[in-house]
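Student: So here's structure_28.pdb (PDB, C-alpha atoms).
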ATOM      1  CA  MET U   1     250.470 124.034   5.259
ATOM      2  CA  VAL U   2     247.776 126.562   4.305
ATOM      3  CA  GLN U   3     248.444 129.824   2.447
ATOM      4  CA  LYS U   4     245.802 132.302   3.643
ATOM      5  CA  ASN U   5     246.165 135.875   2.436
ATOM      6  CA  THR U   6     249.725 136.719   3.423
ATOM      7  CA  GLU U   7     249.681 134.265   6.328
ATOM      8  CA  VAL U   8     251.395 130.920   6.334
ATOM      9  CA  ILE U   9     249.950 128.593   8.975
ATOM     10  CA  SER U  10     250.834 125.047   9.930
ATOM     11  CA  MET U  11     247.634 123.317  11.097
ATOM     12  CA  ASP U  12     249.184 121.213  13.850
ATOM     13  CA  CYS U  13     251.755 123.701  15.160
ATOM     14  CA  VAL U  14     251.256 124.844  18.761
ATOM     15  CA  PHE U  15     252.842 128.262  18.075
ATOM     16  CA  CYS U  16     250.553 128.809  15.073
ATOM     17  CA  LYS U  17     247.642 128.036  17.418
ATOM     18  CA  ILE U  18     248.969 130.645  19.870
ATOM     19  CA  VAL U  19     249.243 133.183  17.024
ATOM     20  CA  LYS U  20     245.624 132.440  16.015
ATOM     21  CA  GLY U  21     244.466 132.717  19.640
ATOM     22  CA  ASP U  22     243.314 129.077  19.808
ATOM     23  CA  ILE U  23     245.795 128.427  22.634
ATOM     24  CA  PRO U  24     246.421 131.108  25.288
ATOM     25  CA  CYS U  25     249.852 132.596  26.044
ATOM     26  CA  GLN U  26     251.283 135.124  28.466
ATOM     27  CA  LYS U  27     251.776 137.804  25.864
ATOM     28  CA  LEU U  28     254.493 140.424  26.247
ATOM     29  CA  TYR U  29     254.472 142.174  22.876
ATOM     30  CA  GLU U  30     253.171 141.876  19.365
ATOM     31  CA  ASN U  31     253.242 143.697  16.073
ATOM     32  CA  ASP U  32     251.925 142.654  12.665
ATOM     33  CA  LYS U  33     254.719 140.135  12.086
ATOM     34  CA  ILE U  34     256.056 139.138  15.499
ATOM     35  CA  LEU U  35     254.728 137.836  18.831
ATOM     36  CA  ALA U  36     256.577 137.580  22.175
ATOM     37  CA  PHE U  37     255.351 135.645  25.199
ATOM     38  CA  LEU U  38     256.647 133.936  28.347
ATOM     39  CA  ASP U  39     258.107 130.433  27.977
ATOM     40  CA  ILE U  40     255.800 128.167  30.009
ATOM     41  CA  SER U  41     258.813 126.100  31.055
ATOM     42  CA  PRO U  42     261.305 128.815  32.017
ATOM     43  CA  ILE U  43     264.985 128.422  32.876
ATOM     44  CA  HIS U  44     264.663 131.657  34.874
ATOM     45  CA  LYS U  45     261.618 133.805  35.580
ATOM     46  CA  GLY U  46     261.134 136.133  32.609
ATOM     47  CA  HIS U  47     262.407 133.575  30.056
ATOM     48  CA  THR U  48     260.838 134.887  26.858
ATOM     49  CA  LEU U  49     260.100 133.486  23.402
ATOM     50  CA  ILE U  50     259.921 135.615  20.257
ATOM     51  CA  ILE U  51     258.343 134.139  17.155
ATOM     52  CA  PRO U  52     257.407 135.216  13.637
ATOM     53  CA  LYS U  53     253.618 134.999  13.197
ATOM     54  CA  GLU U  54     254.141 133.140   9.942
ATOM     55  CA  HIS U  55     255.136 129.497  10.209
ATOM     56  CA  HIS U  56     258.796 128.890   9.400
ATOM     57  CA  GLU U  57     260.482 125.827  10.843
ATOM     58  CA  ASN U  58     263.960 127.177  11.530
ATOM     59  CA  ILE U  59     266.444 129.915  10.600
ATOM     60  CA  LEU U  60     267.179 128.326   7.211
ATOM     61  CA  ASP U  61     263.494 128.672   6.271
ATOM     62  CA  MET U  62     263.122 132.259   7.470
ATOM     63  CA  PRO U  63     262.730 134.986   4.828
ATOM     64  CA  ASP U  64     265.616 137.466   5.180
ATOM     65  CA  GLU U  65     263.288 140.388   5.833
ATOM     66  CA  THR U  66     261.456 138.603   8.659
ATOM     67  CA  LEU U  67     264.786 137.607  10.178
ATOM     68  CA  ALA U  68     266.014 141.204  10.065
ATOM     69  CA  GLU U  69     262.782 142.481  11.629
ATOM     70  CA  LEU U  70     262.944 139.813  14.323
ATOM     71  CA  ALA U  71     266.548 140.698  15.193
ATOM     72  CA  LYS U  72     265.607 144.334  15.801
ATOM     73  CA  THR U  73     262.562 143.357  17.865
ATOM     74  CA  THR U  74     264.706 140.920  19.882
ATOM     75  CA  LYS U  75     266.957 143.805  20.929
ATOM     76  CA  LYS U  76     263.949 145.855  22.052
ATOM     77  CA  ILE U  77     262.439 142.971  24.017
ATOM     78  CA  SER U  78     265.806 141.948  25.547
ATOM     79  CA  LYS U  79     266.089 145.401  27.063
ATOM     80  CA  ALA U  80     262.620 145.086  28.614
ATOM     81  CA  VAL U  81     263.342 141.568  29.941
ATOM     82  CA  LYS U  82     266.651 142.708  31.474
ATOM     83  CA  GLU U  83     265.062 145.737  33.117
ATOM     84  CA  ALA U  84     261.978 143.922  34.431
ATOM     85  CA  THR U  85     263.959 140.986  35.840
ATOM     86  CA  ASN U  86     266.975 143.028  37.074
ATOM     87  CA  ALA U  87     269.125 140.443  35.309
ATOM     88  CA  ASP U  88     272.919 140.814  35.278
ATOM     89  CA  GLY U  89     272.999 139.499  31.708
ATOM     90  CA  PHE U  90     271.006 137.400  29.270
ATOM     91  CA  ASN U  91     271.378 134.784  26.547
ATOM     92  CA  VAL U  92     269.714 135.128  23.160
ATOM     93  CA  THR U  93     269.503 131.641  21.744
ATOM     94  CA  GLN U  94     267.794 129.838  18.935
ATOM     95  CA  ASN U  95     267.773 126.067  18.346
ATOM     96  CA  ASN U  96     267.519 124.530  14.881
ATOM     97  CA  GLY U  97     266.567 120.857  14.664
ATOM     98  CA  ALA U  98     265.775 118.226  17.308
ATOM     99  CA  ALA U  99     269.511 117.485  17.663
ATOM    100  CA  ALA U 100     269.953 121.097  18.826
ATOM    101  CA  GLY U 101     267.125 120.881  21.383
ATOM    102  CA  GLN U 102     264.357 122.362  19.215
ATOM    103  CA  ALA U 103     261.042 121.027  20.548
ATOM    104  CA  VAL U 104     258.497 123.176  18.683
ATOM    105  CA  PHE U 105     259.223 123.291  14.967
ATOM    106  CA  HIS U 106     258.238 126.912  14.469
ATOM    107  CA  PHE U 107     261.205 129.308  14.570
ATOM    108  CA  HIS U 108     261.635 130.874  18.015
ATOM    109  CA  THR U 109     264.295 132.895  19.787
ATOM    110  CA  HIS U 110     264.782 132.483  23.542
ATOM    111  CA  ILE U 111     265.752 135.377  25.783
ATOM    112  CA  ILE U 112     267.034 133.874  29.039
ATOM    113  CA  PRO U 113     267.756 136.325  31.890
ATOM    114  CA  ARG U 114     270.967 135.434  33.763
ATOM    115  CA  PHE U 115     272.241 136.256  37.224
ATOM    116  CA  ASP U 116     275.762 136.352  38.675
ATOM    117  CA  GLY U 117     276.495 132.948  40.187
ATOM    118  CA  ASP U 118     273.293 131.305  38.932
ATOM    119  CA  GLY U 119     275.302 128.134  38.340
ATOM    120  CA  LEU U 120     274.218 127.498  34.722
ATOM    121  CA  LYS U 121     277.219 125.995  32.968
ATOM    122  CA  THR U 122     278.384 126.370  29.381
ATOM    123  CA  TRP U 123     279.061 123.195  27.398
ATOM    124  CA  PRO U 124     282.575 121.713  27.527
ATOM    125  CA  HIS U 125     285.068 122.707  24.856
ATOM    126  CA  LYS U 126     286.964 120.303  22.632
ATOM    127  CA  ASP U 127     290.607 120.191  21.647
ATOM    128  CA  ILE U 128     290.504 119.801  17.847
ATOM    129  CA  PRO U 129     293.835 119.037  16.105
ATOM    130  CA  GLU U 130     295.203 121.900  14.005
ATOM    131  CA  GLU U 131     294.889 120.052  10.687
ATOM    132  CA  GLU U 132     291.204 119.258  11.386
ATOM    133  CA  MET U 133     290.544 122.928  12.204
ATOM    134  CA  LYS U 134     292.224 123.903   8.927
ATOM    135  CA  ARG U 135     290.174 121.342   6.962
ATOM    136  CA  ILE U 136     286.818 122.435   8.447
ATOM    137  CA  GLN U 137     287.747 126.085   7.870
ATOM    138  CA  GLU U 138     288.327 125.348   4.177
ATOM    139  CA  ASP U 139     285.145 123.252   3.939
ATOM    140  CA  ILE U 140     282.892 125.918   5.483
ATOM    141  CA  ALA U 141     284.551 128.721   3.483
ATOM    142  CA  SER U 142     284.019 126.740   0.250
ATOM    143  CA  PHE U 143     280.232 126.920   0.821
ATOM    144  CA  LEU U 144     280.479 130.688   1.252
ATOM    145  CA  LYS U 145     282.256 131.517  -1.985
ATOM    146  CA  ASP U 146     280.100 133.603  -4.320
TER     147      ASP U 146
ATOM    148  CA  MET P 147     287.245 153.999  22.088
ATOM    149  CA  VAL P 148     288.467 155.619  18.876
ATOM    150  CA  GLN P 149     286.186 156.933  16.126
ATOM    151  CA  LYS P 150     288.094 156.525  12.858
ATOM    152  CA  ASN P 151     286.193 157.354   9.684
ATOM    153  CA  THR P 152     283.110 155.167  10.008
ATOM    154  CA  GLU P 153     284.943 152.580  12.109
ATOM    155  CA  VAL P 154     284.552 152.236  15.838
ATOM    156  CA  ILE P 155     287.471 150.394  17.396
ATOM    157  CA  SER P 156     288.182 149.453  21.000
ATOM    158  CA  MET P 157     291.967 149.526  21.493
ATOM    159  CA  ASP P 158     292.198 146.584  23.886
ATOM    160  CA  CYS P 159     289.538 144.316  22.333
ATOM    161  CA  VAL P 160     290.800 141.007  20.938
ATOM    162  CA  PHE P 161     288.057 140.890  18.275
ATOM    163  CA  CYS P 162     288.893 144.437  17.124
ATOM    164  CA  LYS P 163     292.502 143.236  16.774
ATOM    165  CA  ILE P 164     291.301 140.303  14.663
ATOM    166  CA  VAL P 165     289.285 142.711  12.491
ATOM    167  CA  LYS P 166     292.371 144.914  12.027
ATOM    168  CA  GLY P 167     294.511 141.852  11.223
ATOM    169  CA  ASP P 168     296.789 142.331  14.250
ATOM    170  CA  ILE P 169     295.750 138.895  15.563
ATOM    171  CA  PRO P 170     295.188 136.004  13.123
ATOM    172  CA  CYS P 171     291.927 134.059  12.846
ATOM    173  CA  GLN P 172     290.643 131.111  10.828
ATOM    174  CA  LYS P 173     288.466 133.222   8.581
ATOM    175  CA  LEU P 174     285.321 131.780   7.008
ATOM    176  CA  TYR P 175     283.661 134.838   5.504
ATOM    177  CA  GLU P 176     283.735 138.598   5.500
ATOM    178  CA  ASN P 177     281.979 141.547   3.951
ATOM    179  CA  ASP P 178     282.357 145.266   4.641
ATOM    180  CA  LYS P 179     280.519 145.076   7.965
ATOM    181  CA  ILE P 180     280.810 141.480   9.201
ATOM    182  CA  LEU P 181     283.511 138.874   9.843
ATOM    183  CA  ALA P 182     283.068 135.132  10.566
ATOM    184  CA  PHE P 183     285.803 132.816  11.824
ATOM    185  CA  LEU P 184     286.255 129.558  13.741
ATOM    186  CA  ASP P 185     285.982 129.678  17.546
ATOM    187  CA  ILE P 186     289.451 128.698  18.829
ATOM    188  CA  SER P 187     287.800 126.880  21.731
ATOM    189  CA  PRO P 188     285.024 124.954  19.944
ATOM    190  CA  ILE P 189     282.188 122.967  21.503
ATOM    191  CA  HIS P 190     282.077 120.942  18.275
ATOM    192  CA  LYS P 191     284.307 121.116  15.208
ATOM    193  CA  GLY P 192     282.981 123.906  12.972
ATOM    194  CA  HIS P 193     281.855 126.084  15.917
ATOM    195  CA  THR P 194     281.736 129.519  14.306
ATOM    196  CA  LEU P 195     281.706 133.126  15.525
ATOM    197  CA  ILE P 196     280.120 135.986  13.602
ATOM    198  CA  ILE P 197     280.971 139.542  14.611
ATOM    199  CA  PRO P 198     280.287 143.073  13.426
ATOM    200  CA  LYS P 199     283.552 144.755  12.402
ATOM    201  CA  GLU P 200     282.619 147.785  14.466
ATOM    202  CA  HIS P 201     283.005 147.464  18.205
ATOM    203  CA  HIS P 202     279.702 147.079  20.054
ATOM    204  CA  GLU P 203     279.685 145.384  23.437
ATOM    205  CA  ASN P 204     276.404 143.489  23.291
ATOM    206  CA  ILE P 205     273.002 143.344  21.580
ATOM    207  CA  LEU P 206     271.746 146.408  23.453
ATOM    208  CA  ASP P 207     274.566 148.499  21.954
ATOM    209  CA  MET P 208     274.127 147.223  18.391
ATOM    210  CA  PRO P 209     272.697 149.648  15.811
ATOM    211  CA  ASP P 210     269.456 148.190  14.406
ATOM    212  CA  GLU P 211     270.779 148.123  10.851
ATOM    213  CA  THR P 212     273.922 146.196  11.813
ATOM    214  CA  LEU P 213     271.806 143.750  13.785
ATOM    215  CA  ALA P 214     269.499 143.187  10.808
ATOM    216  CA  GLU P 215     272.459 142.682   8.467
ATOM    217  CA  LEU P 216     274.093 140.293  10.915
ATOM    218  CA  ALA P 217     270.902 138.213  11.236
ATOM    219  CA  LYS P 218     270.750 137.686   7.464
ATOM    220  CA  THR P 219     274.456 136.817   7.297
ATOM    221  CA  THR P 220     274.023 134.392  10.215
ATOM    222  CA  LYS P 221     271.435 132.455   8.195
ATOM    223  CA  LYS P 222     273.791 132.240   5.214
ATOM    224  CA  ILE P 223     276.727 131.090   7.344
ATOM    225  CA  SER P 224     274.585 128.620   9.354
ATOM    226  CA  LYS P 225     273.723 126.841   6.131
ATOM    227  CA  ALA P 226     277.411 126.545   5.212
ATOM    228  CA  VAL P 227     278.355 125.309   8.704
ATOM    229  CA  LYS P 228     275.572 122.707   8.666
ATOM    230  CA  GLU P 229     276.533 121.448   5.214
ATOM    231  CA  ALA P 230     280.280 121.360   5.840
ATOM    232  CA  THR P 231     279.956 119.601   9.208
ATOM    233  CA  ASN P 232     277.058 117.294   8.236
ATOM    234  CA  ALA P 233     275.394 118.450  11.463
ATOM    235  CA  ASP P 234     271.907 117.204  12.381
ATOM    236  CA  GLY P 235     271.080 120.641  13.790
ATOM    237  CA  PHE P 236     272.721 123.736  15.212
ATOM    238  CA  ASN P 237     272.356 126.367  17.915
ATOM    239  CA  VAL P 238     272.582 130.074  17.196
ATOM    240  CA  THR P 239     273.437 131.732  20.465
ATOM    241  CA  GLN P 240     274.595 135.074  21.718
ATOM    242  CA  ASN P 241     275.669 135.911  25.290
ATOM    243  CA  ASN P 242     275.236 139.361  26.815
ATOM    244  CA  GLY P 243     277.211 140.153  29.968
ATOM    245  CA  ALA P 244     279.658 138.107  32.067
ATOM    246  CA  ALA P 245     276.721 136.595  33.981
ATOM    247  CA  ALA P 246     275.529 135.094  30.680
ATOM    248  CA  GLY P 247     278.936 133.638  29.832
ATOM    249  CA  GLN P 248     280.178 136.469  27.613
ATOM    250  CA  ALA P 249     283.996 136.396  27.720
ATOM    251  CA  VAL P 250     284.921 138.834  24.921
ATOM    252  CA  PHE P 251     283.009 142.091  25.216
ATOM    253  CA  HIS P 252     282.534 142.623  21.503
ATOM    254  CA  PHE P 253     279.152 141.380  20.236
ATOM    255  CA  HIS P 254     279.411 137.879  18.744
ATOM    256  CA  THR P 255     277.000 135.198  17.635
ATOM    257  CA  HIS P 256     277.946 131.529  18.020
ATOM    258  CA  ILE P 257     276.880 128.887  15.517
ATOM    259  CA  ILE P 258     277.312 125.512  17.216
ATOM    260  CA  PRO P 259     276.819 122.415  15.026
ATOM    261  CA  ARG P 260     274.902 119.675  16.848
ATOM    262  CA  PHE P 261     274.640 115.923  16.351
ATOM    263  CA  ASP P 262     271.986 113.392  17.366
ATOM    264  CA  GLY P 263     272.955 111.992  20.748
ATOM    265  CA  ASP P 264     275.916 114.328  21.289
ATOM    266  CA  GLY P 265     274.978 114.456  24.966
ATOM    267  CA  LEU P 266     274.937 118.255  25.368
ATOM    268  CA  LYS P 267     272.187 119.037  27.862
ATOM    269  CA  THR P 268     269.843 122.014  28.052
ATOM    270  CA  TRP P 269     269.637 123.873  31.360
ATOM    271  CA  PRO P 270     267.056 122.709  33.916
ATOM    272  CA  HIS P 271     263.629 124.334  33.926
ATOM    273  CA  LYS P 272     261.988 125.987  36.915
ATOM    274  CA  ASP P 273     258.491 125.733  38.289
ATOM    275  CA  ILE P 274     257.439 129.373  38.785
ATOM    276  CA  PRO P 275     254.167 129.984  40.694
ATOM    277  CA  GLU P 276     251.315 131.304  38.547
ATOM    278  CA  GLU P 277     251.096 134.674  40.320
ATOM    279  CA  GLU P 278     254.832 135.286  39.804
ATOM    280  CA  MET P 279     254.492 134.456  36.097
ATOM    281  CA  LYS P 280     251.614 136.944  35.887
ATOM    282  CA  ARG P 281     253.613 139.638  37.674
ATOM    283  CA  ILE P 282     256.716 139.267  35.482
ATOM    284  CA  GLN P 283     254.504 139.234  32.371
ATOM    285  CA  GLU P 284     253.001 142.578  33.422
ATOM    286  CA  ASP P 285     256.423 143.993  34.347
ATOM    287  CA  ILE P 286     258.051 143.083  31.018
ATOM    288  CA  ALA P 287     254.995 144.216  29.016
ATOM    289  CA  SER P 288     255.043 147.584  30.847
ATOM    290  CA  PHE P 289     258.524 148.287  29.400
ATOM    291  CA  LEU P 290     257.221 147.519  25.898
ATOM    292  CA  LYS P 291     254.279 149.914  25.844
ATOM    293  CA  ASP P 292     254.746 152.688  23.292
TER     294      ASP P 292
END
Could I get this file's structure written as structure tokens?
Tutor:
Amino acid sequence: MVQKNTEVISMDCVFCKIVKGDIPCQKLYENDKILAFLDISPIHKGHTLIIPKEHHENILDMPDETLAELAKTTKKISKAVKEATNADGFNVTQNNGAAAGQAVFHFHTHIIPRFDGDGLKTWPHKDIPEEEMKRIQEDIASFLKD
Amino acid sequence: MVQKNTEVISMDCVFCKIVKGDIPCQKLYENDKILAFLDISPIHKGHTLIIPKEHHENILDMPDETLAELAKTTKKISKAVKEATNADGFNVTQNNGAAAGQAVFHFHTHIIPRFDGDGLKTWPHKDIPEEEMKRIQEDIASFLKD
């Protein structure tokens, strides 16, 4: 990890290399903090990635201000993706950790255009006993007490 | 749609009824603008929903400030969900439109705890010809020009 002016760069991160211009991308949008480009391995045409230019591994590492800025930019880019692809809907998704399907360990948000009847299935739901739901509710809430 | 002081409520929306307290939920956290509770149909135990208290259908309808606030709160709640569930990772996902799997038309973000080897698969990727990638890049970028 190198601190260079206000930039934080990870030397062996493919998205940092894209930000620096060392690896090409199909750019859609950029501002001083954020870059958006096409996913090279799309689920549907127009599948877009939005990243902070600074290197942060996942949402837990993201500074609040960058996260807030990225959320607003995601809305703006979602609208463009939906209009350009004529999508019926879209998913905004973000994976944290290899267990969650994260493959590049530089925070990124996916915008995936969706079409009526495109056959992509949601994951199956579980039937969790009432007392386990109650226990996990209390456990999560206990971490959120001020 | 009823405008009531600063609140925007949709009379027949199940999440608006949860916000008003007319339908119970397993609450995890709330502040003046945001409410988080357990998904009653979880993919994994601890599957959490975060909603704005005001009624907005999807990301495109969300005021920028609410979106920014929600992004910061999502980070805070993600950390609690991960710690309470001992998850190896987690997905942060948000569906816009029925085609994208949205079932309740009040903006909501899912936090789904994930575990190594839990068997949940990502959607298959497509091989899009180079010229189509180029065309969609130009189309999306054209909507993002100032």
Student: Could you list, as a tab-separated table (two decimals) with C-alpha atoms, keeping the file's coordinate frame, every residue within 12 Å of region 59-67 of chain U, counting only C-alpha atoms and ignoring same-chain residues fewer than 5 positions away?
Tutor:
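Output below, filename out_28.tsv:
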chain	number	residue	atom	x	y	z
U	8	VAL	CA	251.40	130.92	6.33
U	32	ASP	CA	251.92	142.65	12.66
U	33	LYS	CA	254.72	140.14	12.09
U	34	ILE	CA	256.06	139.14	15.50
U	50	ILE	CA	259.92	135.62	20.26
U	51	ILE	CA	258.34	134.14	17.16
U	52	PRO	CA	257.41	135.22	13.64
U	53	LYS	CA	253.62	135.00	13.20
U	54	GLU	CA	254.14	133.14	9.94
U	72	LYS	CA	265.61	144.33	15.80
U	73	THR	CA	262.56	143.36	17.86
U	74	THR	CA	264.71	140.92	19.88
U	93	THR	CA	269.50	131.64	21.74
U	94	GLN	CA	267.79	129.84	18.93
U	95	ASN	CA	267.77	126.07	18.35
U	96	ASN	CA	267.52	124.53	14.88
U	97	GLY	CA	266.57	120.86	14.66
U	102	GLN	CA	264.36	122.36	19.22
U	105	PHE	CA	259.22	123.29	14.97
U	106	HIS	CA	258.24	126.91	14.47
U	107	PHE	CA	261.20	129.31	14.57
U	108	HIS	CA	261.64	130.87	18.02
U	109	THR	CA	264.30	132.90	19.79
P	211	GLU	CA	270.78	148.12	10.85
P	213	LEU	CA	271.81	143.75	13.78
P	214	ALA	CA	269.50	143.19	10.81
P	215	GLU	CA	272.46	142.68	8.47
P	216	LEU	CA	274.09	140.29	10.92
P	217	ALA	CA	270.90	138.21	11.24
P	218	LYS	CA	270.75	137.69	7.46
P	219	THR	CA	274.46	136.82	7.30
P	220	THR	CA	274.02	134.39	10.22
P	221	LYS	CA	271.44	132.46	8.20
P	222	LYS	CA	273.79	132.24	5.21
P	223	ILE	CA	276.73	131.09	7.34
P	224	SER	CA	274.58	128.62	9.35
P	225	LYS	CA	273.72	126.84	6.13
P	226	ALA	CA	277.41	126.54	5.21
P	227	VAL	CA	278.36	125.31	8.70
P	228	LYS	CA	275.57	122.71	8.67
P	229	GLU	CA	276.53	121.45	5.21
P	235	GLY	CA	271.08	120.64	13.79
P	236	PHE	CA	272.72	123.74	15.21
P	237	ASN	CA	272.36	126.37	17.92
P	238	VAL	CA	272.58	130.07	17.20
P	257	ILE	CA	276.88	128.89	15.52
Student: Applied to the shown file, which residues does the PyMOL selection byres ((chain U and resi 118-130) around 6) return, written as a PyMOL selection string?
Tutor: (chain U and resi 115-117+131-133) or (chain P and resi 187-189)
Student: What is the distance, in Å and to one decimal place, between CA of Ser142 (chain U) and CA of Gln172 (chain P)?
Tutor: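 Interatomic distance, CA of Ser142 (chain U) to CA of Gln172 (chain P): 13.2 Å.
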Student: Could you list, as a list in words, every residue within 8 Å of Val160 (chain P), counting all atoms listed in the file and ignoring same-chain residues fewer than 3 positions away?
Tutor: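 Residues meeting the cut-off are Lys163, Ile164, Ile169 and Val250 of chain P.
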Student: Please measure the separation of CA of Asp22 (chain U) and CA of Phe37 (chain U), giving the value in Å to one decimal.
Tutor: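 Between these atoms lies a distance of 14.7 Å.
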Student: Quote the spacing between CA of Gly192 (chain P) and CA of Ile258 (chain P) in Å to one decimal place.
Tutor: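 Pair CA of Gly192 (chain P) / CA of Ile258 (chain P) returns 7.3 Å.
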Student: Counting all atoms listed in the file, figure out which residue out of U:Asp12, U:Leu35, U:Leu49, U:Tyr29 gets nearest to chain P.
Tutor: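 Closest candidate: U:Tyr29.
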Student: Could you check the closest approach to Glu203 (chain P) for each of P:Leu184, P:Ala249, P:Leu174, P:Ala230 and tell me which residue wins, using all atoms listed in the file?
Tutor: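 Going through P:Leu184, P:Ala249, P:Leu174, P:Ala230 one by one, the smallest distance to Glu203 (chain P) is for P:Ala249.
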Student: Dump region 159-166 of chain P with all heavy atoms to a file, as a PDB file, in the first residue's frame.
Tutor:
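Saved file part-v2.pdb follows:
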ATOM      1  N   CYS P 159     -48.559   0.201   1.158  1.00  0.00           N
ATOM      2  CA  CYS P 159     -47.199  -0.365   1.113  1.00  0.00           C
ATOM      3  C   CYS P 159     -46.889  -1.052   2.439  1.00  0.00           C
ATOM      4  O   CYS P 159     -46.991  -0.435   3.502  1.00  0.00           O
ATOM      5  CB  CYS P 159     -46.188   0.743   0.825  1.00  0.00           C
ATOM      6  SG  CYS P 159     -44.481   0.236   1.089  1.00  0.00           S
ATOM      7  N   VAL P 160     -46.499  -2.312   2.378  1.00  0.00           N
ATOM      8  CA  VAL P 160     -46.238  -3.089   3.593  1.00  0.00           C
ATOM      9  C   VAL P 160     -45.074  -2.492   4.410  1.00  0.00           C
ATOM     10  O   VAL P 160     -45.113  -2.493   5.646  1.00  0.00           O
ATOM     11  CB  VAL P 160     -46.032  -4.593   3.254  1.00  0.00           C
ATOM     12  CG1 VAL P 160     -44.809  -4.803   2.400  1.00  0.00           C
ATOM     13  CG2 VAL P 160     -45.941  -5.445   4.504  1.00  0.00           C
ATOM     14  N   PHE P 161     -44.063  -1.947   3.733  1.00  0.00           N
ATOM     15  CA  PHE P 161     -42.947  -1.354   4.480  1.00  0.00           C
ATOM     16  C   PHE P 161     -43.351  -0.032   5.141  1.00  0.00           C
ATOM     17  O   PHE P 161     -42.885   0.286   6.243  1.00  0.00           O
ATOM     18  CB  PHE P 161     -41.712  -1.179   3.589  1.00  0.00           C
ATOM     19  CG  PHE P 161     -41.007  -2.473   3.275  1.00  0.00           C
ATOM     20  CD1 PHE P 161     -39.949  -2.498   2.361  1.00  0.00           C
ATOM     21  CD2 PHE P 161     -41.365  -3.678   3.871  1.00  0.00           C
ATOM     22  CE1 PHE P 161     -39.282  -3.690   2.069  1.00  0.00           C
ATOM     23  CE2 PHE P 161     -40.708  -4.869   3.571  1.00  0.00           C
ATOM     24  CZ  PHE P 161     -39.662  -4.872   2.668  1.00  0.00           C
ATOM     25  N   CYS P 162     -44.224   0.736   4.498  1.00  0.00           N
ATOM     26  CA  CYS P 162     -44.756   1.946   5.144  1.00  0.00           C
ATOM     27  C   CYS P 162     -45.554   1.561   6.396  1.00  0.00           C
ATOM     28  O   CYS P 162     -45.494   2.264   7.411  1.00  0.00           O
ATOM     29  CB  CYS P 162     -45.640   2.735   4.181  1.00  0.00           C
ATOM     30  SG  CYS P 162     -44.697   3.642   2.932  1.00  0.00           S
ATOM     31  N   LYS P 163     -46.269   0.440   6.320  1.00  0.00           N
ATOM     32  CA  LYS P 163     -47.030  -0.029   7.493  1.00  0.00           C
ATOM     33  C   LYS P 163     -46.092  -0.472   8.613  1.00  0.00           C
ATOM     34  O   LYS P 163     -46.378  -0.256   9.797  1.00  0.00           O
ATOM     35  CB  LYS P 163     -47.982  -1.169   7.096  1.00  0.00           C
ATOM     36  CG  LYS P 163     -49.174  -0.656   6.300  1.00  0.00           C
ATOM     37  CD  LYS P 163     -50.110  -1.761   5.842  1.00  0.00           C
ATOM     38  CE  LYS P 163     -51.231  -1.161   4.992  1.00  0.00           C
ATOM     39  NZ  LYS P 163     -51.974  -2.166   4.230  1.00  0.00           N
ATOM     40  N   ILE P 164     -44.974  -1.063   8.256  1.00  0.00           N
ATOM     41  CA  ILE P 164     -43.960  -1.422   9.264  1.00  0.00           C
ATOM     42  C   ILE P 164     -43.388  -0.151   9.901  1.00  0.00           C
ATOM     43  O   ILE P 164     -43.259  -0.062  11.119  1.00  0.00           O
ATOM     44  CB  ILE P 164     -42.842  -2.308   8.635  1.00  0.00           C
ATOM     45  CG1 ILE P 164     -43.385  -3.724   8.384  1.00  0.00           C
ATOM     46  CG2 ILE P 164     -41.594  -2.334   9.509  1.00  0.00           C
ATOM     47  CD1 ILE P 164     -42.416  -4.666   7.674  1.00  0.00           C
ATOM     48  N   VAL P 165     -43.085   0.844   9.068  1.00  0.00           N
ATOM     49  CA  VAL P 165     -42.559   2.115   9.587  1.00  0.00           C
ATOM     50  C   VAL P 165     -43.550   2.746  10.573  1.00  0.00           C
ATOM     51  O   VAL P 165     -43.161   3.222  11.651  1.00  0.00           O
ATOM     52  CB  VAL P 165     -42.248   3.109   8.432  1.00  0.00           C
ATOM     53  CG1 VAL P 165     -41.956   4.512   8.964  1.00  0.00           C
ATOM     54  CG2 VAL P 165     -41.078   2.609   7.576  1.00  0.00           C
ATOM     55  N   LYS P 166     -44.831   2.716  10.224  1.00  0.00           N
ATOM     56  CA  LYS P 166     -45.867   3.313  11.077  1.00  0.00           C
ATOM     57  C   LYS P 166     -46.158   2.467  12.321  1.00  0.00           C
ATOM     58  O   LYS P 166     -46.841   2.917  13.239  1.00  0.00           O
ATOM     59  CB  LYS P 166     -47.169   3.478  10.292  1.00  0.00           C
ATOM     60  CG  LYS P 166     -47.139   4.633   9.285  1.00  0.00           C
ATOM     61  CD  LYS P 166     -48.376   4.616   8.395  1.00  0.00           C
ATOM     62  CE  LYS P 166     -49.652   4.947   9.159  1.00  0.00           C
ATOM     63  NZ  LYS P 166     -50.867   4.728   8.316  1.00  0.00           N
TER      64      LYS P 166
END
